[in-house]
$ cat work-v2.txt   # compact mmCIF, C-alpha atoms and all ligand atoms
# COMPACT_ATOMS: atom_id res chain seq x y z
CA MET F 1408 19.19 23.73 -41.15
CA THR F 1409 18.23 20.18 -42.05
CA LEU F 1410 16.24 19.24 -38.91
CA ARG F 1411 17.35 15.68 -39.74
CA GLY F 1412 16.53 12.84 -37.39
CA ARG F 1413 13.45 11.06 -36.17
CA GLY F 1414 10.27 13.02 -35.54
CA PRO F 1415 8.46 14.08 -33.48
CA ARG F 1416 10.80 16.05 -31.25
CA ARG F 1417 10.43 16.24 -27.49
CA GLY F 1418 12.47 17.80 -24.68
CA LYS F 1419 16.10 18.48 -25.53
CA PHE F 1420 15.67 17.07 -29.05
CA LEU F 1421 13.69 20.20 -29.92
CA SER F 1422 17.05 21.98 -30.03
CA GLU F 1423 18.67 19.77 -32.68
CA LEU F 1424 18.61 21.63 -35.95
CA GLY F 1425 21.10 19.52 -37.91
CA ILE F 1426 22.99 22.57 -39.17
CA VAL F 1427 25.34 22.07 -42.13
CA LYS F 1428 27.74 24.91 -42.88
CA ASP F 1429 28.29 25.61 -46.58
CA GLY F 1430 25.52 23.13 -47.26
CA ALA F 1431 23.75 22.07 -50.44
CA LEU F 1432 20.69 20.16 -51.58
CA LEU F 1433 20.26 18.07 -54.69
CA VAL F 1434 16.68 17.93 -55.89
CA ARG F 1435 15.12 15.68 -58.52
CA ARG F 1436 11.44 15.48 -59.50
CA GLY F 1437 10.40 17.38 -56.41
CA LEU F 1438 12.27 15.18 -53.97
CA ILE F 1439 15.55 15.61 -52.10
CA VAL F 1440 18.11 13.13 -53.45
CA GLY F 1441 21.21 14.56 -51.79
CA VAL F 1442 21.87 16.74 -48.76
CA GLY F 1443 25.05 17.66 -46.91
CA THR F 1444 28.05 19.88 -47.42
CA ARG F 1445 28.39 21.53 -50.81
CA LYS F 1446 31.53 19.50 -51.45
CA TYR F 1447 29.72 16.23 -50.77
CA VAL F 1448 26.62 17.09 -52.80
CA GLU F 1449 28.70 18.31 -55.76
CA SER F 1450 30.60 15.01 -55.73
CA LEU F 1451 27.41 12.97 -56.27
CA PRO F 1452 27.24 11.59 -59.85
CA ALA F 1453 23.64 12.81 -60.17
CA ALA F 1454 24.80 16.37 -59.42
CA ARG F 1455 26.89 16.65 -62.60
CA ALA F 1456 24.04 17.47 -64.95
CA ALA F 1457 22.05 19.44 -62.37
CA GLU F 1458 21.09 23.08 -62.75
CA LYS F 1459 22.82 25.03 -60.00
CA ILE F 1460 21.20 27.73 -57.88
CA ASP F 1461 23.63 29.66 -55.69
CA LEU F 1462 21.87 30.89 -52.54
CA GLY F 1463 24.81 33.05 -51.59
CA GLY F 1464 25.42 31.82 -48.06
CA ARG F 1465 21.90 32.52 -46.84
CA VAL F 1466 20.06 30.38 -44.30
CA VAL F 1467 17.99 27.50 -45.72
CA LEU F 1468 15.45 25.64 -43.63
CA PRO F 1469 12.50 23.30 -44.22
CA GLY F 1470 9.41 25.22 -45.35
CA PHE F 1471 7.22 26.11 -42.38
CA VAL F 1472 4.37 23.70 -41.70
CA ASP F 1473 1.50 25.84 -40.41
CA SER F 1474 -0.66 23.17 -38.78
CA HIS F 1475 -3.57 25.41 -37.69
CA THR F 1476 -5.30 27.96 -39.95
CA HIS F 1477 -8.80 29.08 -40.84
CA LEU F 1478 -7.78 29.81 -44.42
CA VAL F 1479 -11.15 30.37 -46.07
CA HIS F 1480 -13.15 33.34 -44.80
CA ALA F 1481 -14.92 36.25 -46.43
CA ALA F 1482 -13.52 39.35 -44.75
CA SER F 1483 -11.54 40.77 -41.87
CA ARG F 1484 -13.15 41.75 -38.56
CA ALA F 1485 -11.26 45.01 -38.16
CA GLU F 1486 -14.40 46.63 -36.69
CA GLU F 1487 -14.27 44.21 -33.75
CA TYR F 1488 -10.55 44.83 -33.32
CA GLU F 1489 -11.38 48.39 -32.43
CA LEU F 1490 -14.09 47.30 -29.95
CA LYS F 1491 -11.61 44.96 -28.27
CA ILE F 1492 -9.06 47.73 -27.90
CA GLY F 1493 -11.85 49.77 -26.30
CA GLY F 1494 -12.23 47.05 -23.65
CA ALA F 1495 -14.87 44.60 -24.94
CA SER F 1496 -13.82 40.97 -24.40
CA TYR F 1497 -13.81 38.36 -27.15
CA GLU F 1498 -16.68 36.55 -25.42
CA GLU F 1499 -18.79 39.72 -25.01
CA ILE F 1500 -18.44 40.43 -28.71
CA ALA F 1501 -19.36 36.83 -29.52
CA ARG F 1502 -22.51 37.01 -27.37
CA LYS F 1503 -23.71 40.02 -29.35
CA GLY F 1504 -23.53 38.11 -32.63
CA GLY F 1505 -20.00 39.19 -33.40
CA GLY F 1506 -17.03 36.86 -33.39
CA ILE F 1507 -17.36 33.61 -35.32
CA LEU F 1508 -21.06 34.22 -36.08
CA ASN F 1509 -20.11 37.51 -37.74
CA SER F 1510 -17.72 35.63 -40.03
CA VAL F 1511 -20.40 32.99 -40.69
CA LYS F 1512 -22.86 35.65 -41.87
CA LYS F 1513 -20.23 37.13 -44.17
CA LEU F 1514 -19.15 33.81 -45.61
CA ARG F 1515 -22.67 32.59 -46.38
CA ALA F 1516 -23.29 35.81 -48.31
CA ALA F 1517 -19.99 35.70 -50.21
CA SER F 1518 -19.61 34.27 -53.70
CA THR F 1519 -17.30 31.31 -54.20
CA ALA F 1520 -15.23 33.44 -56.58
CA ALA F 1521 -14.69 36.05 -53.86
CA LEU F 1522 -13.71 33.40 -51.28
CA GLN F 1523 -11.36 31.84 -53.78
CA ALA F 1524 -9.68 35.15 -54.63
CA ARG F 1525 -9.17 36.01 -50.96
CA ALA F 1526 -7.73 32.57 -50.13
CA LEU F 1527 -5.40 32.74 -53.16
CA ARG F 1528 -4.06 36.09 -51.96
CA ALA F 1529 -3.49 34.65 -48.49
CA LEU F 1530 -1.69 31.59 -49.90
CA ALA F 1531 0.61 33.85 -51.92
CA GLN F 1532 1.44 35.66 -48.67
CA PHE F 1533 2.02 32.37 -46.83
CA ALA F 1534 4.48 31.38 -49.56
CA ALA F 1535 6.20 34.76 -49.37
CA ASN F 1536 6.73 34.15 -45.64
CA GLY F 1537 8.38 30.76 -46.08
CA THR F 1538 5.40 28.47 -45.48
CA THR F 1539 5.01 25.45 -47.77
CA THR F 1540 2.18 23.50 -46.08
CA VAL F 1541 -0.93 24.75 -44.30
CA GLU F 1542 -3.73 22.99 -42.52
CA ALA F 1543 -7.05 24.65 -43.37
CA LYS F 1544 -10.25 24.41 -41.35
CA SER F 1545 -13.81 24.92 -42.48
CA GLY F 1546 -16.16 26.32 -39.83
CA TYR F 1547 -17.47 29.65 -41.12
CA GLY F 1548 -20.30 27.96 -43.06
CA LEU F 1549 -22.01 25.88 -40.37
CA GLU F 1550 -24.62 24.52 -42.78
CA LEU F 1551 -24.40 21.80 -45.40
CA THR F 1552 -23.86 23.82 -48.57
CA SER F 1553 -21.49 26.42 -47.09
CA GLU F 1554 -19.32 23.87 -45.32
CA LEU F 1555 -19.08 21.73 -48.45
CA ARG F 1556 -18.24 24.86 -50.44
CA ILE F 1557 -15.30 25.64 -48.12
CA LEU F 1558 -14.00 22.08 -48.13
CA ALA F 1559 -14.24 21.87 -51.93
CA LEU F 1560 -12.27 25.10 -52.05
CA HIS F 1561 -9.54 23.53 -49.88
CA ARG F 1562 -9.24 20.76 -52.44
CA TRP F 1563 -9.18 23.17 -55.39
CA LEU F 1564 -6.62 25.46 -53.75
CA GLY F 1565 -4.37 22.50 -52.93
CA GLN F 1566 -4.42 21.42 -56.57
CA GLU F 1567 -4.03 24.86 -58.11
CA GLN F 1568 -1.41 26.33 -55.86
CA GLY F 1569 2.11 25.48 -54.83
CA ILE F 1570 1.21 25.24 -51.17
CA GLU F 1571 -0.02 21.90 -49.87
CA ILE F 1572 -3.27 21.95 -47.92
CA ALA F 1573 -4.39 19.54 -45.20
CA SER F 1574 -8.17 19.84 -44.91
CA THR F 1575 -10.03 19.81 -41.59
CA PHE F 1576 -13.78 19.81 -40.98
CA LEU F 1577 -14.68 22.24 -38.18
CA GLY F 1578 -18.47 22.17 -38.34
CA ALA F 1579 -18.30 22.27 -34.53
CA HIS F 1580 -16.89 25.80 -34.42
CA VAL F 1581 -19.97 27.24 -32.69
CA VAL F 1582 -23.70 26.49 -32.78
CA PRO F 1583 -25.01 28.65 -35.66
CA ALA F 1584 -27.51 31.47 -35.04
CA GLU F 1585 -30.54 29.60 -36.41
CA TYR F 1586 -30.13 26.87 -33.75
CA ARG F 1587 -29.08 29.05 -30.82
CA GLY F 1588 -31.36 29.76 -27.88
CA LYS F 1589 -33.98 27.28 -29.18
CA PRO F 1590 -34.94 24.28 -27.02
CA GLY F 1591 -32.82 21.35 -28.18
CA GLY F 1592 -31.17 23.57 -30.77
CA ALA F 1593 -27.60 22.56 -30.01
CA GLU F 1594 -28.59 18.88 -30.04
CA ARG F 1595 -30.28 19.23 -33.42
CA TYR F 1596 -27.16 20.92 -34.79
CA ILE F 1597 -24.92 18.15 -33.45
CA ARG F 1598 -27.19 15.60 -35.13
CA LEU F 1599 -26.77 17.51 -38.41
CA LEU F 1600 -22.99 17.25 -37.95
CA THR F 1601 -22.84 13.58 -36.97
CA GLU F 1602 -25.65 12.19 -39.13
CA VAL F 1603 -25.39 14.29 -42.29
CA LEU F 1604 -22.22 16.35 -42.64
CA ILE F 1605 -19.54 14.00 -41.30
CA PRO F 1606 -20.73 10.96 -43.34
CA ARG F 1607 -21.02 13.09 -46.48
CA ILE F 1608 -17.58 14.71 -46.06
CA ALA F 1609 -15.95 11.35 -45.39
CA GLU F 1610 -17.64 9.81 -48.41
CA ASP F 1611 -16.49 12.65 -50.68
CA GLY F 1612 -12.96 12.59 -49.20
CA LEU F 1613 -13.13 16.32 -48.43
CA ALA F 1614 -11.28 16.29 -45.10
CA GLU F 1615 -8.62 14.31 -43.26
CA PHE F 1616 -9.38 15.67 -39.80
CA CYS F 1617 -12.37 16.59 -37.64
CA ASP F 1618 -11.97 19.47 -35.17
CA VAL F 1619 -14.11 20.85 -32.34
CA PHE F 1620 -14.00 24.17 -30.47
CA CYS F 1621 -14.38 22.91 -26.89
CA GLU F 1622 -15.05 26.08 -24.90
CA ARG F 1623 -17.80 27.79 -22.91
CA GLY F 1624 -20.09 29.41 -25.46
CA ALA F 1625 -19.07 26.78 -28.05
CA PHE F 1626 -19.19 23.00 -27.37
CA SER F 1627 -19.06 21.21 -24.01
CA LEU F 1628 -16.70 18.37 -23.22
CA GLU F 1629 -19.46 15.80 -23.67
CA GLN F 1630 -20.62 17.29 -26.98
CA SER F 1631 -17.02 17.48 -28.20
CA ARG F 1632 -16.51 13.82 -27.39
CA ARG F 1633 -19.55 12.75 -29.38
CA ILE F 1634 -18.64 14.83 -32.42
CA LEU F 1635 -15.00 13.67 -32.50
CA GLN F 1636 -15.99 10.03 -31.99
CA SER F 1637 -18.41 10.32 -34.88
CA GLY F 1638 -15.67 11.83 -37.06
CA ARG F 1639 -13.25 9.08 -36.09
CA GLN F 1640 -15.82 6.42 -36.93
CA PHE F 1641 -15.86 7.84 -40.46
CA GLY F 1642 -12.07 7.98 -40.72
CA LEU F 1643 -11.58 11.66 -39.83
CA ALA F 1644 -8.75 11.89 -37.29
CA PRO F 1645 -9.62 14.07 -34.28
CA ARG F 1646 -7.98 17.36 -33.35
CA MET F 1647 -9.21 20.01 -30.95
CA HIS F 1648 -9.34 23.68 -29.99
CA ALA F 1649 -9.18 23.49 -26.19
CA GLU F 1650 -8.34 25.30 -22.97
CA GLN F 1651 -8.07 28.69 -24.65
CA LEU F 1652 -10.32 31.00 -22.60
CA SER F 1653 -11.35 28.59 -19.83
CA ARG F 1654 -10.24 25.16 -18.62
CA THR F 1655 -12.75 22.57 -19.81
CA GLY F 1656 -10.84 19.28 -19.58
CA GLY F 1657 -10.53 19.29 -23.35
CA ALA F 1658 -6.81 18.53 -23.36
CA GLN F 1659 -7.26 15.27 -21.45
CA LEU F 1660 -10.20 14.36 -23.70
CA ALA F 1661 -7.97 14.93 -26.74
CA VAL F 1662 -5.41 12.48 -25.34
CA GLN F 1663 -8.11 9.93 -24.45
CA LEU F 1664 -9.44 10.05 -28.01
CA GLY F 1665 -5.94 9.78 -29.51
CA ALA F 1666 -6.31 13.19 -31.15
CA VAL F 1667 -3.46 14.16 -33.45
CA SER F 1668 -3.26 17.57 -31.83
CA CYS F 1669 -4.74 19.71 -29.10
CA ASP F 1670 -4.42 23.41 -29.84
CA HIS F 1671 -4.28 26.62 -27.71
CA LEU F 1672 -3.78 25.28 -24.11
CA GLU F 1673 -3.41 28.66 -22.40
CA GLN F 1674 -5.47 27.49 -19.38
CA ILE F 1675 -4.08 23.98 -18.78
CA ASN F 1676 -3.03 22.85 -15.31
CA ARG F 1677 -0.22 20.60 -14.09
CA ALA F 1678 -2.19 17.39 -14.51
CA ASP F 1679 -3.01 18.33 -18.12
CA ILE F 1680 0.67 19.04 -18.80
CA ARG F 1681 1.63 15.61 -17.44
CA VAL F 1682 -0.99 13.86 -19.57
CA LEU F 1683 0.02 15.73 -22.74
CA GLY F 1684 3.70 15.09 -22.01
CA ALA F 1685 3.17 11.34 -21.90
CA SER F 1686 1.04 11.26 -25.06
CA ASN F 1687 1.46 11.35 -28.84
CA THR F 1688 -1.05 14.21 -29.11
CA VAL F 1689 0.76 17.31 -30.32
CA ALA F 1690 0.45 20.39 -28.08
CA THR F 1691 0.02 23.13 -30.70
CA LEU F 1692 0.60 26.61 -29.32
CA LEU F 1693 -0.88 29.69 -31.00
CA PRO F 1694 0.70 32.77 -29.40
CA GLY F 1695 -0.59 35.01 -32.22
CA CYS F 1696 -4.06 34.84 -30.62
CA ASP F 1697 -2.92 36.06 -27.23
CA PHE F 1698 -0.88 38.80 -28.85
CA HIS F 1699 -3.69 40.05 -31.09
CA LEU F 1700 -6.31 39.89 -28.30
CA GLY F 1701 -3.93 41.60 -25.88
CA LEU F 1702 -4.17 38.69 -23.42
CA LYS F 1703 -1.38 38.27 -20.93
CA LYS F 1704 -1.64 34.55 -20.24
CA TYR F 1705 0.31 32.55 -22.80
CA ALA F 1706 0.44 28.75 -22.90
CA PRO F 1707 3.01 27.15 -20.53
CA ALA F 1708 5.44 26.12 -23.26
CA ARG F 1709 8.45 25.50 -21.00
CA GLU F 1710 6.49 23.21 -18.68
CA LEU F 1711 5.12 21.32 -21.69
CA ILE F 1712 8.62 20.88 -23.12
CA ASP F 1713 9.97 19.76 -19.75
CA ALA F 1714 7.12 17.23 -19.44
CA GLY F 1715 8.09 15.74 -22.81
CA ALA F 1716 5.16 17.05 -24.86
CA ILE F 1717 5.42 17.30 -28.64
CA VAL F 1718 5.17 21.08 -28.96
CA ALA F 1719 4.25 22.65 -32.30
CA LEU F 1720 3.67 26.29 -33.27
CA ALA F 1721 1.13 27.62 -35.76
CA THR F 1722 -0.35 30.97 -36.81
CA ASP F 1723 -4.07 30.19 -36.27
CA TYR F 1724 -4.55 32.54 -39.26
CA ASN F 1725 -8.17 33.70 -38.87
CA PRO F 1726 -10.07 37.00 -39.07
CA GLY F 1727 -11.08 37.22 -35.41
CA THR F 1728 -8.17 36.41 -33.19
CA SER F 1729 -4.97 35.96 -35.21
CA PRO F 1730 -4.91 37.65 -38.60
CA THR F 1731 -1.34 36.80 -39.56
CA VAL F 1732 0.31 34.51 -42.11
CA SER F 1733 3.78 35.08 -40.68
CA MET F 1734 5.41 32.10 -39.01
CA ALA F 1735 8.46 34.27 -38.39
CA MET F 1736 6.28 36.55 -36.23
CA ILE F 1737 4.99 33.47 -34.38
CA LEU F 1738 8.62 32.46 -33.76
CA SER F 1739 9.31 35.93 -32.33
CA LEU F 1740 6.33 35.57 -29.97
CA ALA F 1741 7.35 32.02 -29.04
CA CYS F 1742 10.79 33.28 -28.04
CA ALA F 1743 9.74 36.45 -26.21
CA GLN F 1744 6.49 35.25 -24.60
CA LEU F 1745 6.67 31.45 -24.43
CA ARG F 1746 10.39 31.54 -23.54
CA MET F 1747 11.25 29.01 -26.23
CA THR F 1748 14.71 29.23 -27.76
CA PRO F 1749 14.97 30.08 -31.47
CA ALA F 1750 16.01 26.47 -32.16
CA GLU F 1751 13.05 25.01 -30.25
CA ALA F 1752 10.66 27.39 -32.00
CA ILE F 1753 11.96 26.47 -35.47
CA THR F 1754 11.62 22.74 -34.71
CA ALA F 1755 8.08 23.32 -33.45
CA ALA F 1756 7.22 25.18 -36.68
CA THR F 1757 8.63 22.56 -39.05
CA ILE F 1758 9.06 18.87 -38.15
CA ASN F 1759 6.63 18.91 -35.21
CA GLY F 1760 4.06 20.75 -37.33
CA ALA F 1761 4.51 18.03 -39.96
CA TYR F 1762 3.88 15.40 -37.27
CA ALA F 1763 0.71 17.27 -36.24
CA LEU F 1764 -0.51 16.79 -39.84
CA ARG F 1765 0.68 13.14 -40.05
CA ARG F 1766 3.13 14.12 -42.79
CA GLU F 1767 6.42 13.70 -40.91
CA THR F 1768 7.74 11.13 -43.37
CA LYS F 1769 7.25 13.53 -46.29
CA ILE F 1770 7.91 17.07 -45.03
CA GLY F 1771 9.29 19.05 -42.08
CA SER F 1772 12.99 18.29 -42.53
CA LEU F 1773 15.57 18.30 -45.33
CA GLU F 1774 16.47 14.64 -45.77
CA VAL F 1775 16.90 12.28 -48.70
CA GLY F 1776 13.54 10.96 -49.86
CA LYS F 1777 11.52 13.85 -48.50
CA GLN F 1778 9.80 16.53 -50.56
CA ALA F 1779 12.06 19.42 -51.56
CA ASP F 1780 10.09 21.96 -49.50
CA PHE F 1781 12.32 24.72 -48.20
CA ALA F 1782 12.63 28.43 -47.51
CA VAL F 1783 15.64 30.73 -47.92
CA PHE F 1784 16.12 33.54 -45.43
CA GLU F 1785 18.29 36.64 -45.90
CA VAL F 1786 19.96 36.37 -42.49
CA ALA F 1787 23.47 35.61 -41.29
CA ASP F 1788 22.39 33.36 -38.39
CA TYR F 1789 19.16 31.37 -37.94
CA ARG F 1790 18.49 33.15 -34.64
CA GLU F 1791 17.96 36.35 -36.59
CA ILE F 1792 14.70 34.92 -37.98
CA PRO F 1793 12.81 35.50 -34.68
CA TYR F 1794 15.20 38.28 -33.59
CA TYR F 1795 14.13 40.69 -36.36
CA PHE F 1796 10.42 40.79 -35.53
CA GLY F 1797 7.74 42.15 -37.82
CA VAL F 1798 9.89 41.98 -40.94
CA ASN F 1799 9.95 39.30 -43.58
CA ALA F 1800 13.45 38.07 -44.36
CA CYS F 1801 12.28 35.21 -46.60
CA VAL F 1802 13.70 35.64 -50.11
CA MET F 1803 12.74 32.34 -51.73
CA THR F 1804 10.29 29.51 -51.11
CA VAL F 1805 10.40 26.15 -52.86
CA LYS F 1806 7.64 23.52 -52.82
CA ARG F 1807 8.28 20.04 -54.23
CA GLY F 1808 11.33 21.43 -56.04
CA ARG F 1809 9.43 24.29 -57.66
CA VAL F 1810 10.04 27.95 -56.79
CA ILE F 1811 6.69 29.28 -55.53
CA TYR F 1812 8.05 32.58 -54.29
CA ALA F 1813 11.16 34.62 -55.06
CA ARG F 1814 11.78 38.19 -53.99
CA ASP F 1815 12.52 40.27 -57.13
ZN ZN N 1901 -8.28 28.14 -34.54
$ encode --input "work-v2.txt" --output "structure tokens"
Amino acid sequence: MTLRGRGPRRGKFLSELGIVKDGALLVRRGLIVGVGTRKYVESLPAARAAEKIDLGGRVVLPGFVDSHTHLVHAASRAEEYELKIGGASYEEIARKGGGILNSVKKLRAASTAALQARALRALAQFAANGTTTVEAKSGYGLELTSELRILALHRWLGQEQGIEIASTFLGAHVVPAEYRGKPGGAERYIRLLTEVLIPRIAEDGLAEFCDVFCERGAFSLEQSRRILQSGRQFGLAPRMHAEQLSRTGGAQLAVQLGAVSCDHLEQINRADIRVLGASNTVATLLPGCDFHLGLKKYAPARELIDAGAIVALATDYNPGTSPTVSMAMILSLACAQLRMTPAEAITAATINGAYALRRETKIGSLEVGKQADFAVFEVADYREIPYYFGVNACVMTVKRGRVIYARD
């Protein structure tokens, strides 16, 4: 599956996978220099001296681009999982100091070595599941030193590991405990973000994007606007968590601000769908959250596709609401719950994810000049990737021409 053609994909173009039967790729210095049928690629002069890897008729597709993760965190929140099953809502748990604040407490207390080791294990699992690029958000530090520590880790992990990391500053995840419930506390925290953290992070080149959790109990529409505008002023492109648990108007704000993506969108209405459909802001859907939290209301993917929105899919890998690294599982949920076809889901998880990270000219499809980022699946038909749910059929993952995962 080459996914060749112009990105991003909307409407019926989400279904165009550019399948080549008996296909081959020619790779040199990490880039694709030939792609097509095996016969064509073998006829290229540059192919004569090439080392040959026979993939035995398996399915090859661009490496998944997971455009929404909270990669760096200290521990799971399995204890809250049990409370949720018992009937406590995500917001109730958050109000009692659980949720994001629980992860903040754990991260601040964790050593950098421990955070590093945990993130490295997760990245190895991402690679084993066919993912070659992840976006990673800070947001479990919520103070100067801890946030800088996470962002520095993003940079280090991106250099050390095969997987490419796009770094996002999410200081506006929630208002941290030491500012909560105090008069003017939220305002003082926002000033810390806009006057200290954002300028410092921009100066040190530690993030490409600035994100806000626009939600009741987190940041209001007006606060979100100020934080994202401040980020943009310092060169951090806006993206948003919005319309997940309640409708706030965040999706339309994201479009107004020219955000690269607006993520979640379970609660959007018809007007929001129209606005997103006419925009270049990617509608990133995260069905892993709804699945893990046992929520029944998934984002209206079909309506978004019909309205022309650029739909992407991501794991939202995080310890509270979506502890999975498996894009294949997200594809299964997209098909069964969002009613996307396997082809639409694969496009949303590759080229549209690349567009959501402003990397569509480098990754997300298998075309000459792009990075040789691809995954090999042990299936007879691409539709079997979402069809076999909860199993990992990825047998090899290649990043910039280098094998970063091989089964056996
Ligand atoms: Zn998230």
$ closest_atom_pairs --input "work-v2.txt" --of "chain F" --to "ligand ZN 1901 (chain N)" --cutoff "7 Å" --atoms "all atoms listed in the file" --output "tab-separated table"
residue	atom	partner	partner_atom	distance
F:His1475	CA	N:ZN1901	ZN	6.3
F:Thr1476	CA	N:ZN1901	ZN	6.2
F:His1477	CA	N:ZN1901	ZN	6.4
F:His1648	CA	N:ZN1901	ZN	6.5
F:Asp1723	CA	N:ZN1901	ZN	5.0
$ atom_distance --input "work-v2.txt" --atom1 "CA of Leu1672 in chain F" --atom2 "CA of Leu1738 in chain F"
17.3 Å
$ residues_near_point --input "work-v2.txt" --point "(-3.2, 37.9, -28.9)" --cutoff "12 Å" --atoms "only C-alpha atoms" --output "ChimeraX atom specification"
/F:1488,1491-1492,1496-1497,1651-1652,1671,1673,1692-1706,1722-1725,1727-1731,1737,1740,1744
$ residues_around --input "work-v2.txt" --residues "range 1596-1603 of chain F" --least-positions-apart "3" --cutoff "8 Å" --atoms "all atoms listed in the file" --output "PyMOL selection string"
chain F and resi 1578-1579+1582+1586+1592-1593+1606-1607+1630+1634+1637-1638
$ axis_aligned_box --input "work-v2.txt" --around "range 1558-1561 of chain F" --padding-each-side "4 Å" --output "lines of an AutoDock Vina configuration file"
center_x = -11.9
center_y = 23.5
center_z = -50.1
size_x = 12.7
size_y = 11.2
size_z = 11.9
$ closest_residue --input "work-v2.txt" --among "F:Glu1499, F:Glu1785, F:Asp1780, F:Glu1542" --to "Asp1618 in chain F" --atoms "all atoms listed in the file"
F:Glu1542
$ decode --input "work-v2.txt" --residues "range 1431-1437 of chain F" --atoms "all heavy atoms" --output "PDB file, in the first residue's frame"
ATOM      1  N   ALA F1431       7.553  -3.577  -4.883  1.00  0.00           N
ATOM      2  CA  ALA F1431       8.899  -3.490  -4.308  1.00  0.00           C
ATOM      3  C   ALA F1431       9.260  -2.037  -4.054  1.00  0.00           C
ATOM      4  O   ALA F1431       8.673  -1.118  -4.642  1.00  0.00           O
ATOM      5  CB  ALA F1431       9.916  -4.119  -5.259  1.00  0.00           C
ATOM      6  N   LEU F1432      10.217  -1.866  -3.146  1.00  0.00           N
ATOM      7  CA  LEU F1432      10.747  -0.543  -2.819  1.00  0.00           C
ATOM      8  C   LEU F1432      12.249  -0.585  -2.989  1.00  0.00           C
ATOM      9  O   LEU F1432      12.881  -1.585  -2.619  1.00  0.00           O
ATOM     10  CB  LEU F1432      10.496  -0.227  -1.342  1.00  0.00           C
ATOM     11  CG  LEU F1432       9.105   0.131  -0.862  1.00  0.00           C
ATOM     12  CD1 LEU F1432       9.097   0.090   0.667  1.00  0.00           C
ATOM     13  CD2 LEU F1432       8.731   1.518  -1.344  1.00  0.00           C
ATOM     14  N   LEU F1433      12.814   0.479  -3.500  1.00  0.00           N
ATOM     15  CA  LEU F1433      14.272   0.602  -3.521  1.00  0.00           C
ATOM     16  C   LEU F1433      14.625   1.755  -2.594  1.00  0.00           C
ATOM     17  O   LEU F1433      14.086   2.854  -2.724  1.00  0.00           O
ATOM     18  CB  LEU F1433      14.771   0.880  -4.945  1.00  0.00           C
ATOM     19  CG  LEU F1433      16.287   0.969  -5.103  1.00  0.00           C
ATOM     20  CD1 LEU F1433      16.970  -0.358  -4.766  1.00  0.00           C
ATOM     21  CD2 LEU F1433      16.641   1.391  -6.526  1.00  0.00           C
ATOM     22  N   VAL F1434      15.534   1.459  -1.653  1.00  0.00           N
ATOM     23  CA  VAL F1434      15.848   2.418  -0.602  1.00  0.00           C
ATOM     24  C   VAL F1434      17.332   2.761  -0.652  1.00  0.00           C
ATOM     25  O   VAL F1434      18.166   1.851  -0.784  1.00  0.00           O
ATOM     26  CB  VAL F1434      15.494   1.809   0.783  1.00  0.00           C
ATOM     27  CG1 VAL F1434      15.944   2.721   1.915  1.00  0.00           C
ATOM     28  CG2 VAL F1434      13.993   1.546   0.877  1.00  0.00           C
ATOM     29  N   ARG F1435      17.650   4.038  -0.575  1.00  0.00           N
ATOM     30  CA  ARG F1435      19.063   4.429  -0.483  1.00  0.00           C
ATOM     31  C   ARG F1435      19.221   5.567   0.511  1.00  0.00           C
ATOM     32  O   ARG F1435      18.506   6.557   0.427  1.00  0.00           O
ATOM     33  CB  ARG F1435      19.598   4.848  -1.858  1.00  0.00           C
ATOM     34  CG  ARG F1435      21.128   4.998  -1.851  1.00  0.00           C
ATOM     35  CD  ARG F1435      21.696   5.071  -3.241  1.00  0.00           C
ATOM     36  NE  ARG F1435      21.091   6.150  -3.998  1.00  0.00           N
ATOM     37  CZ  ARG F1435      21.158   6.256  -5.329  1.00  0.00           C
ATOM     38  NH1 ARG F1435      21.768   5.342  -6.042  1.00  0.00           N
ATOM     39  NH2 ARG F1435      20.591   7.260  -5.937  1.00  0.00           N
ATOM     40  N   ARG F1436      20.159   5.402   1.418  1.00  0.00           N
ATOM     41  CA  ARG F1436      20.440   6.399   2.472  1.00  0.00           C
ATOM     42  C   ARG F1436      19.162   6.861   3.161  1.00  0.00           C
ATOM     43  O   ARG F1436      18.942   8.051   3.364  1.00  0.00           O
ATOM     44  CB  ARG F1436      21.182   7.602   1.888  1.00  0.00           C
ATOM     45  CG  ARG F1436      22.576   7.260   1.406  1.00  0.00           C
ATOM     46  CD  ARG F1436      23.438   8.501   1.247  1.00  0.00           C
ATOM     47  NE  ARG F1436      24.680   8.148   0.598  1.00  0.00           N
ATOM     48  CZ  ARG F1436      24.961   8.400  -0.691  1.00  0.00           C
ATOM     49  NH1 ARG F1436      24.083   9.020  -1.446  1.00  0.00           N
ATOM     50  NH2 ARG F1436      26.116   8.039  -1.204  1.00  0.00           N
ATOM     51  N   GLY F1437      18.318   5.911   3.488  1.00  0.00           N
ATOM     52  CA  GLY F1437      17.131   6.222   4.277  1.00  0.00           C
ATOM     53  C   GLY F1437      15.948   6.760   3.493  1.00  0.00           C
ATOM     54  O   GLY F1437      14.890   6.996   4.056  1.00  0.00           O
TER      55      GLY F1437
END
